[in-house]
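J.: Quick one: this structure, given as structure tokens, is what I'll be asking you about.
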Amino acid sequence: MHRFVTAERALRAAAPHELLDAVRRVLVEEYGARSVELLMADYGLTVLQAVSELPQTAVPVPVHSSPAGRAFGAQEPCLESGPEGSVRVHLPVTVRGDRLGVLTVTLPEKESVRELLGELADIAQVLGHEVIVAERDTDVYLQARRKDRLTLAAEMQWQLLPGRSCSAPEYEVGAQLEPAYAIFGDNFDWSATADHLQLYVTNGMGEGIEASLLTNLAINALRNARRAGISIDDQAALADQAVYAHYQGRCFLSVLMFDFELATGRVKVVDAGSPQMLRLRAGAVERVTFEAQLPLGMFEETDYVAQDFSVEPGDRLVFVSDGVYSVASPKGEAYGDTALTRAIMSTRLLPAAEVPRAILRELTGHRGQSLPKDDALVVCLDWRGR
């Protein structure tokens, strides 16, 4: 425990860009580590990239076929035999369900490593919290997440997102956007309190910078209203006014809004546009429809009405943008409900954080080409309730 406290203090005292140096120094001095690496998950969730000084020359580690990738996917420590009797320990670096990457520590004695796993996992968790704080003051960790250059529109969209996953006793949420390095209009947002989870899935019109600017305006208008303690129907109305005031109806944004009551599973819903929701309950998948209302910013002073909905423990909700369910195969066949149902069933045993990426991989196979022509957004919510 003394060694853990030493590591924690070192991380809290370190400069934002020196977190890896700080944790490496403690792990070498206190635990006899031979090497220490911090690997960050890239925006596409396909590889883990080492945090290092630019230019980054380390070979990326694949997420789906490596011991570090197994630790990242399973969210459990993974042990691997190293050279000269050493052992590599891969530890997930995660903050409240948001998967950031993996801390890899090479230790000399295999027999005693398992006794240290809990302590090392705690150090990786503290490192994750410090990385989140440090990103306000340094680009080191954001740069390590990039295996390709982001477009400016994608840069704006990723900065707008809350994270890619989060968890609490009542729920687990995971989300992913494609093409990860060139997104422009689709978006998601969430915020939790002691009693509520509010979740938004948005689909902005247009392309490139213009689509990103529209989404930024709408999301920040929704956040401004939410942080004022306003109900979701009034949030939609105020965001609608903000978008219309700027664009005068030339551009608008579709949004599906939810306000979950954590204690009861009761939900208020505003359906203002094209995002769709499917529910997996008791082994069956069905599309859940709500009363369609106008997208935000289409007309002046639109009134929105929240509808009632409910979730039960064990429910899985999957939200998709039109870049998923409308995508055509080379033969012109839309992805649609049948393919979505099959994808949701085939991923039913995966945790919520893994589901969006898995569905998007299946979508790539249907599309027949690696790069989509439109944004594709998948959000998965597992409801456990109280």
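Just remember, in the structure tokens the first chain shown is A, the second B, etc., residues are 1-based per chain, and ligands are 1-based in the order shown.
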Considering only C-alpha atoms, return as a PDB file with C-alpha atoms, in the first residue's frame whatever protein or nucleic-acid residues lie within 9 Å of A:Lys373, sequence-local ones (same chain, fewer than 4 positions apart) excluded.

T.:
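The result, written out as part10.pdb:
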```
ATOM      1  CA  PRO A 179     -15.382   7.392 -40.365  1.00  0.00           C
ATOM      2  CA  GLY A 323     -25.660   6.500 -41.947  1.00  0.00           C
ATOM      3  CA  VAL A 327     -26.467   2.381 -46.130  1.00  0.00           C
TER       4      VAL A 327
END
```

J.: Counting only C-alpha atoms, what are the residues of stretch 50-148 of chain A within 12 Å of stretch 335-351 of chain A, and for each of them which pair of atoms is the nearest and at what distance in Å, to one decimal? Sort the table by chain and rising number, as a tab-separated table.

T.:
```
residue	atom	partner	partner_atom	distance
A:Gly73	CA	A:Pro351	CA	9.1
A:Ala74	CA	A:Pro351	CA	8.8
A:Gln75	CA	A:Pro351	CA	10.1
A:Gly97	CA	A:Pro351	CA	10.9
```

J.: What is the distance, in Å and to one decimal place, between atom CA of A:Val23 and atom CA of A:Leu120?

T.: 10.7 Å

J.: Determine which residues of stretch 193-292 of chain A receive a DSSP assignment of alpha helix (DSSP H), computed from the backbone, and state them as a PDB file with N, CA and C atoms, in the first residue's frame.

T.:
```pdb
ATOM      1  N   GLY A 208     -18.743  18.189 -43.978  1.00  0.00           N
ATOM      2  CA  GLY A 208     -17.555  18.941 -43.624  1.00  0.00           C
ATOM      3  C   GLY A 208     -17.761  19.927 -42.499  1.00  0.00           C
ATOM      4  N   ILE A 209     -17.066  21.068 -42.613  1.00  0.00           N
ATOM      5  CA  ILE A 209     -17.064  22.082 -41.568  1.00  0.00           C
ATOM      6  C   ILE A 209     -18.466  22.599 -41.295  1.00  0.00           C
ATOM      7  N   GLU A 210     -19.275  22.796 -42.327  1.00  0.00           N
ATOM      8  CA  GLU A 210     -20.621  23.346 -42.132  1.00  0.00           C
ATOM      9  C   GLU A 210     -21.464  22.425 -41.255  1.00  0.00           C
ATOM     10  N   ALA A 211     -21.371  21.123 -41.490  1.00  0.00           N
ATOM     11  CA  ALA A 211     -22.117  20.174 -40.662  1.00  0.00           C
ATOM     12  C   ALA A 211     -21.612  20.192 -39.231  1.00  0.00           C
ATOM     13  N   SER A 212     -20.301  20.282 -39.058  1.00  0.00           N
ATOM     14  CA  SER A 212     -19.728  20.309 -37.718  1.00  0.00           C
ATOM     15  C   SER A 212     -20.127  21.571 -36.966  1.00  0.00           C
ATOM     16  N   LEU A 213     -20.140  22.702 -37.644  1.00  0.00           N
ATOM     17  CA  LEU A 213     -20.550  23.960 -37.010  1.00  0.00           C
ATOM     18  C   LEU A 213     -22.007  23.896 -36.565  1.00  0.00           C
ATOM     19  N   LEU A 214     -22.865  23.329 -37.413  1.00  0.00           N
ATOM     20  CA  LEU A 214     -24.279  23.177 -37.064  1.00  0.00           C
ATOM     21  C   LEU A 214     -24.436  22.314 -35.815  1.00  0.00           C
ATOM     22  N   THR A 215     -23.734  21.177 -35.783  1.00  0.00           N
ATOM     23  CA  THR A 215     -23.834  20.279 -34.636  1.00  0.00           C
ATOM     24  C   THR A 215     -23.292  20.936 -33.373  1.00  0.00           C
ATOM     25  N   ASN A 216     -22.176  21.653 -33.493  1.00  0.00           N
ATOM     26  CA  ASN A 216     -21.617  22.352 -32.338  1.00  0.00           C
ATOM     27  C   ASN A 216     -22.610  23.353 -31.761  1.00  0.00           C
ATOM     28  N   LEU A 217     -23.273  24.119 -32.628  1.00  0.00           N
ATOM     29  CA  LEU A 217     -24.252  25.093 -32.159  1.00  0.00           C
ATOM     30  C   LEU A 217     -25.397  24.389 -31.428  1.00  0.00           C
ATOM     31  N   ALA A 218     -25.936  23.333 -32.028  1.00  0.00           N
ATOM     32  CA  ALA A 218     -27.085  22.655 -31.444  1.00  0.00           C
ATOM     33  C   ALA A 218     -26.737  21.969 -30.125  1.00  0.00           C
ATOM     34  N   ILE A 219     -25.603  21.259 -30.075  1.00  0.00           N
ATOM     35  CA  ILE A 219     -25.225  20.547 -28.855  1.00  0.00           C
ATOM     36  C   ILE A 219     -24.969  21.528 -27.722  1.00  0.00           C
ATOM     37  N   ASN A 220     -24.291  22.620 -28.013  1.00  0.00           N
ATOM     38  CA  ASN A 220     -24.032  23.587 -26.951  1.00  0.00           C
ATOM     39  C   ASN A 220     -25.303  24.303 -26.509  1.00  0.00           C
ATOM     40  N   ALA A 221     -26.250  24.487 -27.417  1.00  0.00           N
ATOM     41  CA  ALA A 221     -27.544  25.046 -27.017  1.00  0.00           C
ATOM     42  C   ALA A 221     -28.294  24.071 -26.113  1.00  0.00           C
ATOM     43  N   LEU A 222     -28.256  22.789 -26.433  1.00  0.00           N
ATOM     44  CA  LEU A 222     -28.890  21.783 -25.583  1.00  0.00           C
ATOM     45  C   LEU A 222     -28.214  21.712 -24.211  1.00  0.00           C
ATOM     46  N   ARG A 223     -26.893  21.763 -24.198  1.00  0.00           N
ATOM     47  CA  ARG A 223     -26.177  21.723 -22.921  1.00  0.00           C
ATOM     48  C   ARG A 223     -26.487  22.962 -22.078  1.00  0.00           C
ATOM     49  N   ASN A 224     -26.553  24.109 -22.734  1.00  0.00           N
ATOM     50  CA  ASN A 224     -26.851  25.345 -22.018  1.00  0.00           C
ATOM     51  C   ASN A 224     -28.216  25.257 -21.340  1.00  0.00           C
ATOM     52  N   ALA A 225     -29.187  24.702 -22.052  1.00  0.00           N
ATOM     53  CA  ALA A 225     -30.528  24.556 -21.478  1.00  0.00           C
ATOM     54  C   ALA A 225     -30.551  23.488 -20.397  1.00  0.00           C
ATOM     55  N   ARG A 226     -29.850  22.375 -20.632  1.00  0.00           N
ATOM     56  CA  ARG A 226     -29.803  21.291 -19.643  1.00  0.00           C
ATOM     57  C   ARG A 226     -29.170  21.763 -18.343  1.00  0.00           C
ATOM     58  N   ILE A 232     -36.377  18.187 -20.932  1.00  0.00           N
ATOM     59  CA  ILE A 232     -35.847  17.929 -22.271  1.00  0.00           C
ATOM     60  C   ILE A 232     -36.730  18.504 -23.378  1.00  0.00           C
ATOM     61  N   ASP A 233     -38.046  18.604 -23.169  1.00  0.00           N
ATOM     62  CA  ASP A 233     -38.868  19.203 -24.219  1.00  0.00           C
ATOM     63  C   ASP A 233     -38.545  20.686 -24.375  1.00  0.00           C
ATOM     64  N   ASP A 234     -38.314  21.373 -23.252  1.00  0.00           N
ATOM     65  CA  ASP A 234     -37.929  22.780 -23.332  1.00  0.00           C
ATOM     66  C   ASP A 234     -36.484  22.942 -23.803  1.00  0.00           C
ATOM     67  N   GLN A 235     -35.619  21.960 -23.485  1.00  0.00           N
ATOM     68  CA  GLN A 235     -34.267  21.987 -24.053  1.00  0.00           C
ATOM     69  C   GLN A 235     -34.339  21.969 -25.580  1.00  0.00           C
ATOM     70  N   ALA A 236     -35.178  21.079 -26.103  1.00  0.00           N
ATOM     71  CA  ALA A 236     -35.330  20.985 -27.557  1.00  0.00           C
ATOM     72  C   ALA A 236     -35.843  22.296 -28.133  1.00  0.00           C
ATOM     73  N   ALA A 237     -36.820  22.915 -27.468  1.00  0.00           N
ATOM     74  CA  ALA A 237     -37.385  24.167 -27.968  1.00  0.00           C
ATOM     75  C   ALA A 237     -36.346  25.282 -27.992  1.00  0.00           C
ATOM     76  N   LEU A 238     -35.543  25.390 -26.939  1.00  0.00           N
ATOM     77  CA  LEU A 238     -34.537  26.447 -26.892  1.00  0.00           C
ATOM     78  C   LEU A 238     -33.427  26.203 -27.917  1.00  0.00           C
ATOM     79  N   ALA A 239     -33.008  24.954 -28.078  1.00  0.00           N
ATOM     80  CA  ALA A 239     -32.000  24.653 -29.096  1.00  0.00           C
ATOM     81  C   ALA A 239     -32.557  24.895 -30.490  1.00  0.00           C
ATOM     82  N   ASP A 240     -33.826  24.579 -30.692  1.00  0.00           N
ATOM     83  CA  ASP A 240     -34.495  24.854 -31.966  1.00  0.00           C
ATOM     84  C   ASP A 240     -34.448  26.342 -32.285  1.00  0.00           C
ATOM     85  N   GLN A 241     -34.725  27.176 -31.300  1.00  0.00           N
ATOM     86  CA  GLN A 241     -34.687  28.629 -31.508  1.00  0.00           C
ATOM     87  C   GLN A 241     -33.271  29.103 -31.835  1.00  0.00           C
ATOM     88  N   ALA A 242     -32.268  28.540 -31.147  1.00  0.00           N
ATOM     89  CA  ALA A 242     -30.890  28.951 -31.400  1.00  0.00           C
ATOM     90  C   ALA A 242     -30.449  28.603 -32.823  1.00  0.00           C
ATOM     91  N   VAL A 243     -30.810  27.392 -33.280  1.00  0.00           N
ATOM     92  CA  VAL A 243     -30.423  26.977 -34.631  1.00  0.00           C
ATOM     93  C   VAL A 243     -31.180  27.790 -35.679  1.00  0.00           C
ATOM     94  N   TYR A 244     -32.474  27.996 -35.450  1.00  0.00           N
ATOM     95  CA  TYR A 244     -33.259  28.767 -36.426  1.00  0.00           C
ATOM     96  C   TYR A 244     -32.782  30.218 -36.494  1.00  0.00           C
ATOM     97  N   ALA A 245     -32.459  30.811 -35.336  1.00  0.00           N
ATOM     98  CA  ALA A 245     -32.014  32.204 -35.321  1.00  0.00           C
ATOM     99  C   ALA A 245     -30.756  32.393 -36.166  1.00  0.00           C
ATOM    100  N   HIS A 246     -29.910  31.378 -36.204  1.00  0.00           N
ATOM    101  CA  HIS A 246     -28.661  31.507 -36.959  1.00  0.00           C
ATOM    102  C   HIS A 246     -28.831  31.138 -38.431  1.00  0.00           C
ATOM    103  N   TYR A 247     -29.579  30.064 -38.704  1.00  0.00           N
ATOM    104  CA  TYR A 247     -29.665  29.545 -40.077  1.00  0.00           C
ATOM    105  C   TYR A 247     -30.955  29.899 -40.803  1.00  0.00           C
TER     106      TYR A 247
END
```

J.: Quick one: of A:Leu103, A:Leu11, A:Ala228, A:Ala50, who's nearest to A:Glu130, counting only C-alpha atoms?

T.: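 Closest to A:Glu130 of all the choices is A:Leu11.
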